[in-house]
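*Asks:* Here it is: the structure, laid out below.
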Amino acid sequence: MAEAIEKSVGAGPGGSDPDTDNYLTHGKGVLSWLFTLDHKRIGVMYLVAILGSFFLGGVFALALRTELWTPGQTIMTADTYNKMFTLHGAVMIFLFIIPGIPATLGNFVLPLMLGAKDVALPRLNLASFWLWLTGATVAVASIIIGAVDTGWTFYTPYSTTTTTAVTAMTLGAFILGFSSIFTGLNFIVTIHKMRPEGMTWFRMPLFLWGIYSTAIIQVLATPVLGITLLLLVAERTLGVGIFDPSLGGDPVLYQHFFWFYSHPAVYIMILPAMAIMSELISTFSGKHIFGYRFIAWSSIAIALLSFLVWGHHMFTSGQSSLTNMIFSALTFSVAIPSAVKVFNWLATMYKGSIRLAAPMLYALSFLFLFAIGGLTGLFLGSLSTDIHLHDTYFVVAHFHYVMFGGTVIAFLGGIHYWWPKMFGRMYSERWAQVSALLVFVGFNLTFFTQFVMGSHGMPRRYYNYLEKFTVYHQASTVGSYILAVGFLIMAGYLLHSLVAGEKAPANPWGAATLEWETTSPPPYYNFAHEMRAGDPYDLDAMRWDPATGGYVRKDPSSVLASSGEAG
Amino acid sequence: MAGHATTPQEGLRVDHHFENADQQYQSAKLGMWVFLATEILFFGGLFVAYAVYRSNHPEVFIFGHHFLDKNLGALNTIILICSSLTAAWAVRAAQLKQIGLLKLMLVLTMLCAFGFMGVKAVEYNAKWKHGLLWAGSYDPHLDHDEPITESTTDEELQVPGAEVEAEVASQAQRVGDADLVESEVVSESTVVDAPTDRSNIASAAEGPTGLAGAGEHGPDEHAIDIEPANAQTFFSIYFLMTGLHGIHVLGGIGAFLWLLWCAQRGDFATGHFTRVDMVALYWHVVDLIWIYLFLLLYLIE
Amino acid sequence: MSDHENSFVHIASVKLLLVVWIGLMFGTWLTVAASNVDLGPLNIWIGLGIATAKATLVALFYMHLRWDKPFNAFVFLAAFFFLFLFIGFTMMDTAHYQVHVIPGYSPGMGG
């Protein structure tokens with residue numbers, strides 16, 4: 001029956017030179033990129049767009065940190081300051097971190113890890129990207145026409161009555177939400193339907209467990225954000241009055257709606273980061289991951305438990321005390337699976353042979369920073385302490401430790417890990433270490449001071465502050481500039497590697513997952529042969545090959561599918 | 001005749017990244033079910049708003065639903081059920097390569113969808129005429145049995161709470177313009193202006209008269225005669241829920257038009273029916289949601 | 001009686017389609033009739049029960065879940081589970097704090 005099936009693209013010949021014939025060179029011109037169905041190109045386009053968004057969000061961050069150098073006005077008015085922190089939050093969250101790892105590394109690596117030619121629904125994947133572009137354009141347009149000053153949370157009734165560009169920004173976020181939903185949908189279908197021979201659920205790389213759990217949240221939570229933003233727009237344009245007390249509405253209801261999505265959303269942010277961590281820790285400890293099933297199940301547990309705790313953002317909102325108590329108790333449960341992961345990563349490192357390559361530096365940073373971020377979440381989850389800490393800089397520091405110290409750091413680790421695979425080049429290890437150090441130092445200086453400030457009562461989103469907080473704010477601002485330098489250096493050596501970096505072998509790190517079984521960069525069809533899965537953490541199956549300057553499998557046939565029919 | 005299954009591999013185009021047609025079909029199906037799950041949660045938000053407001057202010061819903069015509073609602077329910085039948089039948093026709101029957105079923109489904117929108121238009125129009133719109137535009141023109149004449153006293157026109165309503169509604173007009181306003185505490189009873197523009201068109205509900213406070217029915221006898229505070233919330237929820245549903249019906253019409261075009265082009269001659277199956281799945285969910293909307297909005301007692 | 005083939009997909013028989021249609025019509029009639037009878041708080045639950053029965057007919061037969069891989073049904077049901085979580089917690093909370101709401105009051109926004 002095989003003959004009767006038309007295949008639109010046949011398997012290409014093996015042995016073509018990856019330098020000149022790879023997915024980057026296959027097909028020329030802007031249109032071949034904008035209309036591509038190749039998950040690798042889509043991933044790269046997302047990477048460029050998302051890192052651009054990170055830069056934009058970072059500019060807003062530097063602006064607001066500069067303003068906070070002194071109490072009172074430093075470089076901008078209070079209204080402008082409100083817009084700065086709102087835009088920093090909205091851009092970072094909706095344009096950068098939510099799409100973040102899944103859209104970039106997820107898109108690129110997922111099919112390769114499955115030994116597949118693409119995701120299950122490539123056209124939907126392209127549609128996701130176009131939706132991202134559209135949503136981002138609308139969001140940026142809203143910034144230009146007047147920007148938003150409500151905080152990224154758009155709480156009513158201020159957001160329904162302010163004259164700033166709330167409608168435009170929320171429409172942008174609405175469109176971006178659909179990009180996220182479709183990406184999650186695609187990944188769920190791909191992982192369910194396109195695993196190769198030998199890859200049962202518990203032989204999947206843990207990166208895929210993490211991406212899968214993220215996709216569950218993307219699919220279940222984001223639609224609720226969609227309806228929330230739609231209701232907000234309807235409120236502003238038509239006056240439907242669901243959230244406006246003067247029309248009979250209920251503003252606390254808005255918060256329930258908003259946080260039902262936005263709490264699971266933070267797990268959309270962290271789960272992919274944890275997914276990357278499992279890969280990095282195992283590879284750079286030279287050791288099989290410890291506690292595979294625990295890590296796999298903990299990803300699912302986090303995804304499911306994340307839906308049970310949204311009220312912990314609302315302890316001081318007017319939420320009833322019964323609900324407060326229930327959400328506080330449930331919040332402690334969601335810390336457990338995260339802790340399970342951290343223990344297993346540490347156990348993986350124990351008695352391993354650690355290599356402090358740049359990806360590992362980021363992985364180690366993650367362990368330290370995420371631990372702090374996660375533990376401080378417990379202070380906030382505890383009802384009585386949250387009454388004092390809510391809406392202070394303690395909260396700001398907490399979520400930056402988990403989102404930045406967690407997600408962004410892991411994202412950077414993943415970028416450095418898969419960079420050779422994506423672009424066929426090695427970057428400068430020396431400069432990467434410098435940058436990683438600057439980022440680590442800058443980050444802690446910026447945000448640790450905020451924990452102290454917050455516990456002393458410094459409120460968040462405040463333009464002005466008491467004299468006693470000046471030294472903390474100034475330290476924090478200095479830290480933010482150090483961060484900026486670190487990132488600029490990173491941009492420098494990464495871009496430089498694209499033109500002048502050493503050519504990368506297929507497997508520079510000695511990892512055992514399937515993406516390393518093809519060339520760096522891969523051909524557009526991914527693999528020359530049907531692949532079969534082995535143990536994704538069987539690092540002993542690899543050996544160093546001086547001829548290629550990389551690692552090769554001791555028994556290459558172990559990952560080739562048992563072919564019954566001709567090619 | 002009871003059909004036989006199409007052999008999936010006959011001339012079927014399989015995308016290059018799939019191993020076989022079955023994997024392709026199952027992937028599309030799973031993808032569609034995941035999408036339908038997202039639609040449930042999307043609409044679900046509105047059901048949450050409904051549940052919250054109804055459980056806390058049941059009088060608003062008991063009052064408001066009388067302005068919905070149960071018969072039109074039931075008619076729409078029947079129309080959508082018939083359209084589900086024709087959609088499911090269209091899938092069967094596509095599976096059996098009965099292209100003529102497929103096209104007929106697609107057309108019938110679309111006719112049902114148009115019919116549904118037509119009935120909706122009638123309902124919306126009636127609401128608009130009576131000013132029974134969402135909160136920001138809520139401005140009820142209601143009738144009662146007695147015609148309004150110069151001798152109709154203000155007291156006869158007033159209903160308990162209506163003056164609050166008028167004040168709130170007029171505030172809402174200003175708020176709805178998205179200006180920053182001071183929402184004042186509504187305390188005094190202000191008299192409703194003599195409504196010279198009140199229409200004498202009967203309200204949508206048969207039977208009980210509209211917002212008559214004019215002494216015909218005491219507040220004890222018929223709860224619906226007393227317009228409760230925040231009555232406009234019912235209409236906000238009504239328009240949000242049925243409006244979003246209507247947008248999905250329009251989307252469905254578009255999808256069926258596309259299928260018709262594909263059928264015309266001969267895309268289904270090979271027995272490749274996945275597209276029809278997927279659109280039909282979407283359409284059934286649209287029907288499902290309406291089944292609950294009909295119950296929850298029209299059939300409250 | 002539905003066709004049960006060795007093919008990779010199930011095809012519904014005309015008879016099945018029509019029987020389900022009759023069931024849905026009957027269910028609609030029943031819902032409307034039940035709403036005309038005053039059973040107090042039971043009304044809504046009876047109505048929801050009939051609606052759910054109709055929905056089940058549509059999902060199982062028109063949407064083919066009866067013959068599909070069970071995971072598809074699981075996905076669909078999971079959505080409802082999370083929706084009920086959302087409704088449940090929110091209703092619980094609003095019920096508790098609504099009693100403290102001052103009707104018609106909204107703090108001044110301007111000036």
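Ligands are numbered from 1 in the order shown, chains are lettered A, B, ... in the order of the structure tokens, and residues start at 1 in each chain.
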Could you give me the residues within region 218-444 of chain A that DSSP places in alpha helix (DSSP H), as a ChimeraX atom specification?
*Replies:* /A:218-237,251-285,292-305,321-349,358-381,383-389,393-402,409-423,429-444
*Asks:* Write down, as a VMD selection string, each residue of chain A that has any atom within 9 Å of an atom of chain B, counting only C-alpha atoms.
*Replies:* chain A and resid 1 to 2 4 to 11 116 to 121 160 to 163 181 to 182 185 to 186 188 to 190 192 to 194 219 to 228 231 234 to 242 246 to 249 253 257 525
*Asks:* Provide the CA of Phe394 (chain A) to CA of His456 (chain A) distance in Å, to one decimal place.
*Replies:* 9.0 Å
*Asks:* Extract, using only C-alpha atoms, all DNA, RNA and protein residues at most 10 Å from Gln218 (chain A), discarding same-chain residues fewer than 3 positions from it, and format them as a PyMOL selection string.
*Replies:* (chain A and resi 98-99+177-185+212-215+221-223+261+264-265+267-268+303) or (chain B and resi 38)
*Asks:* If I take CA of Phe84 (chain C) and CA of Ala53 (chain C), how far is one from the other in Å, to one decimal?
*Replies:*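 That distance, rounded to one decimal, is 17.6 Å.
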*Asks:* Could you check which of C:Trp67, C:Ala34, C:Gly49, C:Ile87 is closest to chain B, using only C-alpha atoms?
*Replies:*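 Using only C-alpha atoms, chain B sits closest to C:Ile87.
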*Asks:* Could you jot down the CA of Thr56 (chain C) to CA of Phe187 (chain A) separation for me, Å, one decimal place?
*Replies:*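 Pair CA of Thr56 (chain C) / CA of Phe187 (chain A) returns 28.1 Å.
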*Asks:* Rank C:His10, C:Thr90, C:Val99, C:Leu24 by their smallest atom-to-atom distance to chain A, using only C-alpha atoms, and report the top residue only.
*Replies:*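 For chain A, the nearest of the given residues is C:Thr90.
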*Asks:* Output the contact residues of chain A with respect to chain C at a cut-off of 6 Å, based on only C-alpha atoms, as a ChimeraX atom specification.
*Replies:* /A:245-246,320,323
*Asks:* Smallest atom-to-atom distance to chain C: which of B:Ala121, B:Val285, B:Ala126, B:Ile253, using only C-alpha atoms?
*Replies:* B:Val285
